[in-house]
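Text of the file work_19.csv, holding CSV, C-alpha atoms and all ligand atoms:
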chain,number,residue,atom,x,y,z
A,767,MET,CA,97.0,101.4,106.1
A,768,THR,CA,97.0,105.2,105.8
A,769,LYS,CA,95.4,107.4,103.2
A,770,ARG,CA,97.8,110.3,103.7
A,771,SER,CA,101.5,110.8,104.2
A,772,LEU,CA,102.8,109.8,107.6
A,773,GLY,CA,104.3,112.3,110.0
A,774,LEU,CA,103.0,115.5,108.6
A,775,SER,CA,100.8,117.9,110.7
A,776,ASP,CA,97.3,118.4,109.4
A,777,GLY,CA,98.1,122.0,108.5
A,778,LEU,CA,101.3,121.0,106.5
A,779,TYR,CA,99.5,118.2,104.8
A,780,ARG,CA,96.7,120.5,103.7
A,781,TYR,CA,99.3,123.0,102.4
A,782,LEU,CA,101.1,120.2,100.5
A,783,LEU,CA,97.8,119.2,98.7
A,784,ALA,CA,96.7,122.8,98.2
A,785,HIS,CA,100.0,123.7,96.5
A,786,SER,CA,100.8,120.6,94.5
A,787,LEU,CA,97.8,118.3,93.9
A,788,ARG,CA,96.5,118.3,90.3
A,789,GLU,CA,93.9,115.6,90.6
A,790,PRO,CA,91.6,115.1,87.6
A,791,ASP,CA,87.9,115.4,88.5
A,792,ALA,CA,87.1,111.7,87.8
A,793,LEU,CA,89.9,110.6,90.0
A,794,ARG,CA,88.8,112.9,92.8
A,795,ARG,CA,85.3,111.4,92.6
A,796,LEU,CA,86.7,107.8,92.5
A,797,ARG,CA,88.7,108.6,95.6
A,798,GLU,CA,85.7,110.1,97.4
A,799,GLU,CA,83.5,107.1,96.5
A,800,THR,CA,86.2,104.7,97.8
A,801,ALA,CA,86.6,106.7,101.0
A,802,ALA,CA,83.2,105.4,102.1
A,803,HIS,CA,84.3,101.8,101.5
A,804,GLU,CA,85.0,99.5,104.5
A,805,TYR,CA,88.5,98.9,103.2
A,806,ALA,CA,89.1,102.6,102.3
A,807,ARG,CA,92.5,102.4,104.0
A,808,MET,CA,93.7,100.3,101.1
A,809,GLN,CA,93.5,103.3,98.7
A,810,ILE,CA,96.7,105.2,98.1
A,811,ALA,CA,97.0,108.9,99.0
A,812,PRO,CA,96.4,111.4,96.3
A,813,GLU,CA,99.9,112.9,96.6
A,814,GLN,CA,101.2,109.4,96.1
A,815,GLY,CA,99.1,108.8,93.0
A,816,GLN,CA,100.4,112.1,91.5
A,817,PHE,CA,104.0,111.1,92.4
A,818,MET,CA,103.6,107.7,90.6
A,819,ALA,CA,102.1,109.5,87.6
A,820,TRP,CA,105.1,111.8,87.5
A,821,LEU,CA,107.4,108.8,87.7
A,822,VAL,CA,105.6,107.0,84.9
A,823,GLU,CA,105.8,110.1,82.8
A,824,THR,CA,109.5,110.7,83.6
A,825,LEU,CA,110.5,107.1,82.9
A,826,GLY,CA,108.5,107.0,79.6
A,827,VAL,CA,106.6,104.0,80.8
A,828,ARG,CA,104.6,102.1,78.0
A,829,ARG,CA,104.2,98.8,79.7
A,830,ALA,CA,103.3,98.5,83.4
A,831,ILE,CA,102.1,96.0,85.9
A,832,GLU,CA,99.9,96.6,89.0
A,833,VAL,CA,99.6,94.0,91.7
A,834,GLY,CA,96.6,94.9,93.8
A,835,VAL,CA,94.1,97.2,92.1
A,836,PHE,CA,91.4,97.6,94.7
A,837,THR,CA,89.0,100.2,93.3
A,838,GLY,CA,91.4,101.4,90.6
A,839,TYR,CA,92.6,104.8,91.9
A,840,SER,CA,96.4,104.1,91.5
A,841,ALA,CA,95.8,102.3,88.2
A,842,ALA,CA,94.0,105.5,86.9
A,843,TRP,CA,96.9,107.7,87.8
A,844,VAL,CA,99.4,105.4,86.1
A,845,ALA,CA,97.3,104.9,83.0
A,846,LEU,CA,96.7,108.7,82.6
A,847,ALA,CA,100.4,109.2,82.6
A,848,MET,CA,101.1,106.6,79.9
A,849,PRO,CA,100.9,107.3,76.1
A,850,ALA,CA,97.8,106.3,74.2
A,851,ASP,CA,99.3,103.0,73.3
A,852,GLY,CA,100.5,102.3,76.8
A,853,LYS,CA,99.3,99.1,78.6
A,854,LEU,CA,98.8,98.4,82.3
A,855,ILE,CA,98.4,94.8,83.3
A,856,ALA,CA,96.3,95.2,86.4
A,857,CYS,CA,96.1,92.2,88.8
A,858,ASP,CA,93.4,91.7,91.3
A,859,ILE,CA,90.9,89.0,92.5
A,860,SER,CA,87.9,91.2,93.2
A,861,LYS,CA,85.4,91.9,90.5
A,862,GLU,CA,83.3,93.9,92.9
A,863,TRP,CA,86.1,96.3,93.8
A,864,THR,CA,87.6,96.6,90.3
A,865,ASP,CA,84.1,97.3,88.8
A,866,VAL,CA,84.1,100.5,90.8
A,867,GLY,CA,87.4,101.5,89.1
A,868,ARG,CA,86.1,100.5,85.6
A,869,ARG,CA,83.4,103.1,85.7
A,870,TYR,CA,85.9,105.9,86.4
A,871,TRP,CA,88.5,104.5,83.9
A,872,ARG,CA,85.9,104.7,81.2
A,873,GLU,CA,84.9,108.2,82.2
A,874,ALA,CA,88.6,109.3,82.3
A,875,GLY,CA,89.1,107.8,78.8
A,876,ILE,CA,91.8,105.3,79.9
A,877,GLU,CA,89.9,102.0,80.0
A,878,HIS,CA,91.6,100.8,76.8
A,879,LYS,CA,95.0,101.1,78.5
A,880,ILE,CA,94.1,98.9,81.4
A,881,ASP,CA,94.2,95.1,80.9
A,882,LEU,CA,92.5,93.8,84.1
A,883,ARG,CA,93.3,90.2,85.0
A,884,LEU,CA,91.0,88.8,87.6
A,885,ALA,CA,93.1,86.0,89.0
A,886,ALA,CA,95.7,85.3,91.7
A,887,ALA,CA,98.5,87.8,90.8
A,888,GLN,CA,101.2,85.2,91.1
A,889,ASP,CA,99.5,83.1,88.4
A,890,THR,CA,99.1,86.1,86.1
A,891,LEU,CA,102.7,87.1,86.5
A,892,LEU,CA,104.0,83.6,86.0
A,893,THR,CA,101.9,83.3,82.8
A,894,LEU,CA,103.5,86.5,81.5
A,895,VAL,CA,107.0,85.0,82.2
A,896,GLU,CA,106.0,81.8,80.5
A,897,GLN,CA,104.7,83.8,77.5
A,898,GLY,CA,108.2,85.2,77.1
A,899,GLU,CA,107.5,88.7,78.4
A,900,ALA,CA,110.4,88.7,80.9
A,901,GLY,CA,112.5,91.9,80.6
A,902,THR,CA,109.8,93.8,78.7
A,903,PHE,CA,108.1,95.9,81.3
A,904,ASP,CA,109.1,99.4,82.4
A,905,PHE,CA,107.3,99.8,85.7
A,906,ALA,CA,105.5,97.8,88.4
A,907,PHE,CA,103.5,98.8,91.4
A,908,ILE,CA,103.1,96.2,94.2
A,909,ASP,CA,100.3,97.0,96.7
A,910,ALA,CA,98.6,93.7,97.7
A,911,ASP,CA,98.7,91.1,100.4
A,912,LYS,CA,101.8,91.8,102.4
A,913,THR,CA,102.8,88.2,103.1
A,914,ASN,CA,103.3,87.6,99.3
A,915,TYR,CA,105.3,90.7,98.7
A,916,GLU,CA,108.5,88.7,98.1
A,917,PRO,CA,107.1,86.4,95.3
A,918,TYR,CA,105.4,89.4,93.7
A,919,TYR,CA,108.7,91.3,93.8
A,920,GLU,CA,110.7,88.4,92.3
A,921,LEU,CA,108.2,88.0,89.5
A,922,CYS,CA,108.0,91.7,88.7
A,923,LEU,CA,111.8,92.0,88.8
A,924,GLU,CA,112.0,89.2,86.2
A,925,LEU,CA,109.4,90.9,84.0
A,926,LEU,CA,111.1,94.3,84.2
A,927,ARG,CA,113.7,95.5,81.7
A,928,PRO,CA,117.0,96.8,83.0
A,929,GLY,CA,116.4,100.4,84.1
A,930,GLY,CA,112.8,99.6,84.9
A,931,VAL,CA,111.3,100.5,88.3
A,932,ILE,CA,109.3,98.6,90.9
A,933,ALA,CA,107.4,100.7,93.4
A,934,VAL,CA,106.4,98.9,96.6
A,935,ASP,CA,103.7,100.3,98.8
A,936,ASN,CA,103.1,100.3,102.6
A,937,VAL,CA,106.8,99.6,103.5
A,938,LEU,CA,106.4,101.8,106.7
A,939,TRP,CA,103.1,100.1,107.5
A,940,GLY,CA,101.7,102.9,109.6
A,941,GLY,CA,105.0,103.0,111.6
A,942,SER,CA,104.6,99.4,112.8
A,943,VAL,CA,107.8,98.2,111.1
A,944,ALA,CA,109.8,100.2,113.7
A,945,ASP,CA,107.5,99.3,116.7
A,946,GLY,CA,108.9,96.2,118.5
A,947,ALA,CA,105.6,95.7,120.2
A,948,VAL,CA,103.9,94.9,116.9
A,949,ASN,CA,104.6,91.4,115.5
A,950,ASP,CA,101.6,90.3,113.4
A,951,ALA,CA,102.2,88.4,110.2
A,952,ASP,CA,101.8,91.4,107.9
A,953,THR,CA,104.2,93.6,109.9
A,954,ARG,CA,106.8,90.7,110.0
A,955,ALA,CA,106.4,90.2,106.3
A,956,ILE,CA,107.1,93.8,105.5
A,957,ARG,CA,110.1,93.9,107.8
A,958,ARG,CA,111.5,90.8,106.1
A,959,PHE,CA,110.9,92.4,102.7
A,960,ASN,CA,112.5,95.7,103.7
A,961,GLU,CA,115.6,93.8,105.0
A,962,LYS,CA,115.8,91.8,101.8
A,963,LEU,CA,115.6,94.9,99.6
A,964,HIS,CA,118.2,96.7,101.6
A,965,GLN,CA,120.7,93.9,100.7
A,966,ASP,CA,119.5,93.2,97.2
A,967,ALA,CA,122.4,94.2,94.8
A,968,ARG,CA,120.2,93.6,91.7
A,969,VAL,CA,118.5,96.9,92.3
A,970,SER,CA,119.2,100.5,93.3
A,971,ILE,CA,116.7,101.5,96.0
A,972,SER,CA,115.2,104.5,97.8
A,973,LEU,CA,112.6,104.3,100.5
A,974,ILE,CA,110.4,107.4,100.1
A,975,PRO,CA,108.5,108.5,103.2
A,976,ILE,CA,105.4,109.4,101.1
A,977,ALA,CA,102.0,108.2,102.2
A,978,ASP,CA,102.6,104.9,104.0
A,979,GLY,CA,106.2,104.5,102.7
A,980,LEU,CA,107.0,103.7,99.1
A,981,THR,CA,110.2,101.9,98.1
A,982,LEU,CA,111.5,102.5,94.6
A,983,ALA,CA,113.7,99.7,93.2
A,984,ARG,CA,115.4,100.3,89.9
A,985,LYS,CA,116.6,97.1,88.1
A,986,ARG,CA,120.3,97.2,87.3
A,1001,CA,CA,98.6,100.3,99.9

Take the structure in the file and give it back as structure tokens.
Amino acid sequence: MTKRSLGLSDGLYRYLLAHSLREPDALRRLREETAAHEYARMQIAPEQGQFMAWLVETLGVRRAIEVGVFTGYSAAWVALAMPADGKLIACDISKEWTDVGRRYWREAGIEHKIDLRLAAAQDTLLTLVEQGEAGTFDFAFIDADKTNYEPYYELCLELLRPGGVIAVDNVLWGGSVADGAVNDADTRAIRRFNEKLHQDARVSISLIPIADGLTLARKR
């Protein structure tokens, strides 16, 4: 929806990047290559990637899930922040898009940490539950088809250990969530999801207005 944080002036956004972004060269080139893509808006902002890496490092994440890989930019930030034996289960349905990511993952030396599963994410997550992996993950990032956010969230919550964190992307949806004139299926799904999380006593939450809005939910 948006490739940069909402609500900042151009000048302030440039300042923020100039004074905080530490983007590895391979990731910068991956971001620039993706910017030419017709679905470029699906890529997260660089300040969000760095924030997620900071979170992964702070939480000591060794086992992570990503729902919605696209061209692999967010997966790269997460994998870079994990230790050498860290594992990211990356769920997507597009070989074409994830092939772009693979080239840069290899270049950044993190390909071995990323276990790409090309299938419907719900099937991949259900299989993990069936294989007895509930309660074993430290972190999950949900950034895929908005109308399925709820089942993705429920499955990720089951797979997370207590104290683990789910980050959910696009929860402000370009501002549409607060615009009564917008009522398409994606916007309605995100509104419903935000209302659900607000009431969900199983997690502690914070909605961070970074990029297109990122909700952090910590499993109690
Ligand atoms: Ca997104």

Please extract the residues at most 10 Å from ligand CA 1001 (chain A), counting all atoms listed in the file, and provide them as an MDAnalysis selection string, using the chain letters and residue numbers of this document.
-> chainID A and resid 767:769 807:811 834:836 840 907:912 934:937 939 977:980

From A:Thr890, A:Gln814, A:Thr902, A:Ser775, residue lying nearest Glu832 (chain A) [all atoms listed in the file] =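 Among the listed residues, the smallest separation from Glu832 (chain A) belongs to A:Thr890.
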
Separation of CA of Glu873 (chain A) from CA of Gln888 (chain A) in Å |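 For CA of Gln888 (chain A) relative to CA of Glu873 (chain A), the distance reads 29.6 Å.
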
May I ask for the distance between CA of Leu982 (chain A) and CA of Ala841 (chain A), given in Å to one decimal place?
->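 If I compute the distance from CA of Leu982 (chain A) to CA of Ala841 (chain A), I get 17.0 Å.
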
Between A:Val948, A:Val822, A:Ala847, A:Ile876, smallest distance to Ile932 (chain A) by only C-alpha atoms belongs to A:Val822

Give me the residues within 8 Å of region 797-800 of chain A as a ChimeraX atom specification, counting all atoms listed in the file and dropping any in the same chain fewer than 5 places off.
-> /A:806,809,837,839

Please produce an output containing C-alpha atoms for each residue in the selection, written as a PDB file, in the frame of the given file.
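Done, and the output landed in result-v7.pdb:
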ATOM      1  CA  ALA A 806      89.100 102.600 102.300  1.00  0.00           C
ATOM      2  CA  GLN A 809      93.500 103.300  98.700  1.00  0.00           C
ATOM      3  CA  THR A 837      89.000 100.200  93.300  1.00  0.00           C
ATOM      4  CA  TYR A 839      92.600 104.800  91.900  1.00  0.00           C
TER       5      TYR A 839
END
